[in-house]
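Have a look at the structure below before the remarks.
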Amino acid sequence: MKRSILLSCFLTGFASAFSQADYYRVTLQPGIDYFHRFTPSNNGIPVSTMKRNHVGMGLSTTVFFTKHIGLNVKGSFTSAVTTGKDVGQPRASLEAHYTPNFYVEDAINQNEQIPVSAHFISVGAAYRLVKKRWNYQFGLNVGAMNCPPSNLEYFLKESGTNNYYSAGMYTKMEKRWAFVLEPSALVSFAVKNRLAVFAAASYRMSPGKIRQREYLMNMYSGGSISNEYSANQLFHMIAVNVGLSIGIGTIVE
Amino acid sequence: MLRKTFTITLLSLCCFSCMKKADYREIPVTLCSIDVQPLDNTGSSPQTTTSDTVAAQAFGLRLLLNYMDEAGICQINPMETVSFFPGCYAMGNNGKTSYYYVPENPIDSLFIYSTEDFDVSHPAGTDLTAFFSIFKSYSYSSPMDYLGGERRILFENMALQPKREEVNLLLMKQPENSGNHQFTIRIYTRNGELFEQTLPSVTLNL
């Protein structure tokens with residue numbers, strides 16, 4: 001903790017010798033994006049499989065019409081970070097869905113293309129405030145993002161019989177691109193004229209219809225059953241971005 | 001000090017005896033006896049049952065095949081679970097050496113009979129083997145596809161004498177009438193040996 005404070009003081013002091021935050025006309029903010037998509041609820045669909053963490057590259061540009069108000073455009077391209085949780089988490093909902101008619105066997109495979117990527121693009125209003133070398137920016141964007149489909153494969157044993165089934169649950173969004181509303185906050189610290197480092201956080205809400213197709217194949221007879229489920233959901237995500245903030249153009253007076 | 005050195009040496013010897021170089025060994029074994037038990041597969045996995053009534057849809061037969069190796073033991077030792085070096089036995093299949101057991105008297109044919117009529121075309125005494133299936137490694141096999149031919153067996157516990165292979169024969173076709181079935185399994189080997197066991201009668205509920 002002490003070391004962090006000392007380092008911050010050093011960096012602040014070092015930067016203050018060179019830097020000056022100003023109301024530049026345009027700011028360009030390339031950085032690294034991380035977002036976590038929370039598990040959708042099970043209402044209307046049997047299995048929660050779309051919980052994911054994504055990491056990738058993001059770019060944000062804001063054009064200011066006045067000292068404080070501007071138009072922000074941003075986008076990101078991210079890949080899913082697969083974790084053990086992604087595989088382990090659906091098991092509980094699979095068991096809840098199939099009990100008491102079936103038993104879920106041990107092997108559950110998440111069969112999907114790697115990397116599982118997600119794209120995000122938005123536009124909105126930005127408000128900024130510069131205090132010495134600190135720049136605070138708040139925004140409200142609307143945009144669109146896509147979410148990759150998910151595919152689970154597993155085996156079931158039918159309760160009370162000798163029948164075993166090969167089964168799968170394919171999940172996808174009904175529309176490739178879903179509407180997103182994103183309030184955000186950003187803080188940047190000028191390390192040189194026109195150059196700053198920034199950290200931002202945002203909360204994304206995205207309503208969308210989720211579709212799930214379930215198939216079961218009796219491994220003895222070869223007979224198959226297919227079911228479809230759909231439900232309207234409100235997806236919640238948190239996003240964190242860090243990177244460089246570059247001031248471009250004239251200074252707005 | 002001497003005692004400590006001796007203990008360390010003994011432990012090291014035990015550990016090194018477990019760590020063998022990666023290789024592959026085929027060990028000849030001989031099918032020497034069988035044991036058959038009724039199965040109830042109502043739950044998540046097949047369980048042997050002593051009940052005289054089982055749902056036909058979940059009925060099966062557990063076939064235990066006992067193999068003897070060069071030690072020539074075909075009698076189950078009641079003290080077999082007692083071991084001073086369990087770690088060495090645990091190395092078996094997951095250790096560096098792969099052991100495959102090759103039966104010298106492979107199964108030539110297998111028959112399953114019932115004392116009761118199964119359906120119109122399968123009166124009492126006709127072979128019902130085609131109605132049974134083995135579910136292993138997430139696929140069904142017919143009993144002879146699984147048990148017949150040249151086989152290399154991986155035993156779950158290589159330390160046991162005799163070596164034991166457990167196979168669940170699941171009934172995949174329902175009899176026409178519920179009735180008291182007394183099943184008999186008959187196995188012929190290529191060497192002409194016959195192994196046979198008859199189960200107590202069981203009512204198959206439809």
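Each chain of the structure tokens is named A, B, ... in the order shown, its residues numbered from 1; ligands are numbered from 1 in display order.
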
Strand (DSSP E or B) residues, from DSSP on the backbone, in stretch 86-163 of chain A, as an MDAnalysis selection string:
chainID A and resid 102:110 117:131 134:146 150:158

May I have the residues of chain A within 6 Å of chain B, counting only C-alpha atoms, written as a PyMOL selection string?
chain A and resi 103+159-162

Written selection (C-alpha atoms) as an mmCIF file, in the first residue's frame:
```
data_model
loop_
_atom_site.group_PDB
_atom_site.id
_atom_site.type_symbol
_atom_site.label_atom_id
_atom_site.label_comp_id
_atom_site.auth_asym_id
_atom_site.auth_seq_id
_atom_site.Cartn_x
_atom_site.Cartn_y
_atom_site.Cartn_z
ATOM 1 C CA TYR A 103 -29.572 -37.947 -14.889
ATOM 2 C CA SER A 159 -34.506 -42.331 -15.064
ATOM 3 C CA GLY A 160 -36.113 -45.742 -14.644
ATOM 4 C CA THR A 161 -34.838 -47.173 -17.937
ATOM 5 C CA ASN A 162 -31.703 -48.499 -19.609
#
```

Nearest candidate to A:Val55 (options A:His36, A:Arg213, A:Arg194, A:Lys67; using only C-alpha atoms):
A:His36

Which polymer residues have any atom within 7 Å of an atom of A:Thr66, counting only C-alpha atoms, with same-chain residues fewer than 3 positions away left out, as an MDAnalysis selection string?
chainID A and resid 69:70 252

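Those residues that approach stretch 119-121 of chain B to within 8 Å, counting only C-alpha atoms, are Asp117, Pro123, Pro175, Glu176 and Asn177 of chain B; same-chain residues fewer than 2 positions away are not listed.
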
Same residues, all heavy atoms, saved as a PDB file, in the first residue's frame:
```pdb
ATOM      1  N   ASP B 117     -41.546 -67.464 -21.283  1.00  0.00           N
ATOM      2  CA  ASP B 117     -41.658 -66.947 -22.650  1.00  0.00           C
ATOM      3  C   ASP B 117     -41.358 -65.443 -22.627  1.00  0.00           C
ATOM      4  O   ASP B 117     -41.914 -64.708 -21.797  1.00  0.00           O
ATOM      5  CB  ASP B 117     -43.075 -67.145 -23.194  1.00  0.00           C
ATOM      6  CG  ASP B 117     -43.384 -68.624 -23.411  1.00  0.00           C
ATOM      7  OD1 ASP B 117     -42.456 -69.450 -23.273  1.00  0.00           O
ATOM      8  OD2 ASP B 117     -44.557 -68.930 -23.697  1.00  0.00           O
ATOM      9  N   PRO B 123     -39.990 -68.096 -27.229  1.00  0.00           N
ATOM     10  CA  PRO B 123     -40.495 -68.875 -26.090  1.00  0.00           C
ATOM     11  C   PRO B 123     -39.360 -69.219 -25.116  1.00  0.00           C
ATOM     12  O   PRO B 123     -38.183 -68.980 -25.414  1.00  0.00           O
ATOM     13  CB  PRO B 123     -41.050 -70.137 -26.757  1.00  0.00           C
ATOM     14  CG  PRO B 123     -40.355 -70.238 -28.058  1.00  0.00           C
ATOM     15  CD  PRO B 123     -40.011 -68.843 -28.478  1.00  0.00           C
ATOM     16  N   PRO B 175     -40.189 -57.631 -22.396  1.00  0.00           N
ATOM     17  CA  PRO B 175     -40.943 -58.858 -22.658  1.00  0.00           C
ATOM     18  C   PRO B 175     -42.421 -58.517 -22.880  1.00  0.00           C
ATOM     19  O   PRO B 175     -42.880 -57.451 -22.451  1.00  0.00           O
ATOM     20  CB  PRO B 175     -40.751 -59.668 -21.373  1.00  0.00           C
ATOM     21  CG  PRO B 175     -40.405 -58.670 -20.330  1.00  0.00           C
ATOM     22  CD  PRO B 175     -39.725 -57.537 -21.004  1.00  0.00           C
ATOM     23  N   GLU B 176     -43.118 -59.403 -23.546  1.00  0.00           N
ATOM     24  CA  GLU B 176     -44.539 -59.119 -23.814  1.00  0.00           C
ATOM     25  C   GLU B 176     -45.371 -59.220 -22.549  1.00  0.00           C
ATOM     26  O   GLU B 176     -46.341 -58.496 -22.362  1.00  0.00           O
ATOM     27  CB  GLU B 176     -45.069 -60.072 -24.884  1.00  0.00           C
ATOM     28  CG  GLU B 176     -44.814 -59.534 -26.273  1.00  0.00           C
ATOM     29  CD  GLU B 176     -45.347 -60.419 -27.361  1.00  0.00           C
ATOM     30  OE1 GLU B 176     -45.979 -61.445 -27.061  1.00  0.00           O
ATOM     31  OE2 GLU B 176     -45.119 -60.082 -28.532  1.00  0.00           O
ATOM     32  N   ASN B 177     -45.004 -60.156 -21.714  1.00  0.00           N
ATOM     33  CA  ASN B 177     -45.756 -60.346 -20.471  1.00  0.00           C
ATOM     34  C   ASN B 177     -44.825 -60.240 -19.270  1.00  0.00           C
ATOM     35  O   ASN B 177     -43.693 -60.707 -19.317  1.00  0.00           O
ATOM     36  CB  ASN B 177     -46.409 -61.734 -20.458  1.00  0.00           C
ATOM     37  CG  ASN B 177     -47.331 -61.913 -21.647  1.00  0.00           C
ATOM     38  OD1 ASN B 177     -48.217 -61.097 -21.875  1.00  0.00           O
ATOM     39  ND2 ASN B 177     -47.075 -62.945 -22.425  1.00  0.00           N
TER      40      ASN B 177
END
```

DSSP-assigned helix (DSSP H, G or I) among stretch 121-203 of chain B, expressed as a PDB file with N, CA, C and O atoms, in the first residue's frame:
```
ATOM      1  N   THR B 129     -29.875 -63.154 -26.150  1.00  0.00           N
ATOM      2  CA  THR B 129     -28.681 -62.288 -26.097  1.00  0.00           C
ATOM      3  C   THR B 129     -28.869 -61.012 -26.912  1.00  0.00           C
ATOM      4  O   THR B 129     -28.396 -59.942 -26.512  1.00  0.00           O
ATOM      5  N   ALA B 130     -29.564 -61.110 -28.041  1.00  0.00           N
ATOM      6  CA  ALA B 130     -29.741 -59.936 -28.917  1.00  0.00           C
ATOM      7  C   ALA B 130     -30.547 -58.830 -28.240  1.00  0.00           C
ATOM      8  O   ALA B 130     -30.507 -57.675 -28.682  1.00  0.00           O
ATOM      9  N   PHE B 131     -31.279 -59.182 -27.179  1.00  0.00           N
ATOM     10  CA  PHE B 131     -32.072 -58.161 -26.480  1.00  0.00           C
ATOM     11  C   PHE B 131     -31.261 -57.420 -25.415  1.00  0.00           C
ATOM     12  O   PHE B 131     -31.747 -56.490 -24.790  1.00  0.00           O
ATOM     13  N   PRO B 143     -23.399 -57.751 -26.890  1.00  0.00           N
ATOM     14  CA  PRO B 143     -22.511 -58.492 -25.977  1.00  0.00           C
ATOM     15  C   PRO B 143     -21.341 -59.157 -26.677  1.00  0.00           C
ATOM     16  O   PRO B 143     -20.205 -59.086 -26.205  1.00  0.00           O
ATOM     17  N   MET B 144     -21.572 -59.771 -27.830  1.00  0.00           N
ATOM     18  CA  MET B 144     -20.465 -60.463 -28.483  1.00  0.00           C
ATOM     19  C   MET B 144     -19.510 -59.509 -29.198  1.00  0.00           C
ATOM     20  O   MET B 144     -18.335 -59.797 -29.334  1.00  0.00           O
ATOM     21  N   ASP B 145     -20.031 -58.346 -29.642  1.00  0.00           N
ATOM     22  CA  ASP B 145     -19.117 -57.344 -30.217  1.00  0.00           C
ATOM     23  C   ASP B 145     -18.140 -56.874 -29.147  1.00  0.00           C
ATOM     24  O   ASP B 145     -16.988 -56.565 -29.416  1.00  0.00           O
ATOM     25  N   TYR B 146     -18.635 -56.790 -27.934  1.00  0.00           N
ATOM     26  CA  TYR B 146     -17.800 -56.295 -26.851  1.00  0.00           C
ATOM     27  C   TYR B 146     -16.886 -57.388 -26.284  1.00  0.00           C
ATOM     28  O   TYR B 146     -15.702 -57.161 -26.044  1.00  0.00           O
ATOM     29  N   LEU B 147     -17.467 -58.571 -26.075  1.00  0.00           N
ATOM     30  CA  LEU B 147     -16.725 -59.623 -25.362  1.00  0.00           C
ATOM     31  C   LEU B 147     -16.008 -60.606 -26.285  1.00  0.00           C
ATOM     32  O   LEU B 147     -15.066 -61.284 -25.862  1.00  0.00           O
TER      33      LEU B 147
END
```

What's around B:His181 at 7 Å? Count only C-alpha atoms, leave out sequence neighbours fewer than 5 positions away in its own chain, and write the answer as a PyMOL selection string.
chain B and resi 114-116+201-203

Any chance you can output those residues with N, CA and C atoms as a PDB file, in the first residue's frame?
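Writing the result to part-v2.pdb gives the following:
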```pdb
ATOM      1  N   SER B 114     -34.164 -67.661 -20.725  1.00  0.00           N
ATOM      2  CA  SER B 114     -35.097 -67.469 -19.618  1.00  0.00           C
ATOM      3  C   SER B 114     -36.030 -68.677 -19.545  1.00  0.00           C
ATOM      4  N   THR B 115     -36.502 -68.946 -18.349  1.00  0.00           N
ATOM      5  CA  THR B 115     -37.438 -70.069 -18.171  1.00  0.00           C
ATOM      6  C   THR B 115     -38.852 -69.675 -18.600  1.00  0.00           C
ATOM      7  N   GLU B 116     -39.036 -68.385 -18.843  1.00  0.00           N
ATOM      8  CA  GLU B 116     -40.357 -67.844 -19.181  1.00  0.00           C
ATOM      9  C   GLU B 116     -40.376 -67.407 -20.650  1.00  0.00           C
ATOM     10  N   SER B 201     -35.131 -66.465  -9.699  1.00  0.00           N
ATOM     11  CA  SER B 201     -36.150 -65.896 -10.582  1.00  0.00           C
ATOM     12  C   SER B 201     -36.475 -64.458 -10.170  1.00  0.00           C
ATOM     13  N   VAL B 202     -36.780 -63.676 -11.180  1.00  0.00           N
ATOM     14  CA  VAL B 202     -37.068 -62.258 -10.956  1.00  0.00           C
ATOM     15  C   VAL B 202     -38.309 -61.881 -11.773  1.00  0.00           C
ATOM     16  N   THR B 203     -39.164 -61.079 -11.158  1.00  0.00           N
ATOM     17  CA  THR B 203     -40.357 -60.608 -11.869  1.00  0.00           C
ATOM     18  C   THR B 203     -40.021 -59.313 -12.586  1.00  0.00           C
TER      19      THR B 203
END
```

Separation of atom CA of B:Gly125 and atom CA of B:Asp108, in Å?
19.8 Å

Near A:Asn232, counting only C-alpha atoms, which residues have an atom at most 7 Å away, once you skip same-chain residues fewer than 4 positions from it, shown as a ChimeraX atom specification?
/A:208-210

Let's have the selection written as a CSV table (one decimal), in the first residue's frame, with N, CA, C and O atoms.
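Written out: again.csv:
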```csv
chain,number,residue,atom,x,y,z
A,208,GLY,N,-32.7,-8.5,-25.1
A,208,GLY,CA,-32.6,-9.3,-26.3
A,208,GLY,C,-33.3,-10.6,-26.1
A,208,GLY,O,-33.6,-11.0,-25.0
A,209,LYS,N,-33.7,-11.2,-27.2
A,209,LYS,CA,-34.3,-12.5,-27.1
A,209,LYS,C,-33.3,-13.6,-27.3
A,209,LYS,O,-32.5,-13.6,-28.2
A,210,ILE,N,-33.3,-14.5,-26.3
A,210,ILE,CA,-32.3,-15.6,-26.3
A,210,ILE,C,-33.1,-16.9,-26.8
A,210,ILE,O,-34.2,-17.1,-26.4
```

Spatial neighbours of B:Thr30, max dist 10 Å, only C-alpha atoms, sep filter under 5 positions, as a PyMOL selection string
chain B and resi 66-70+72+74+101-106+162-163

Residue among A:Met217, A:Val191, A:Ala144, A:Val240 lying closest to A:Met205, counting only C-alpha atoms
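Checking each candidate against A:Met205, we get A:Ala144 as the closest.
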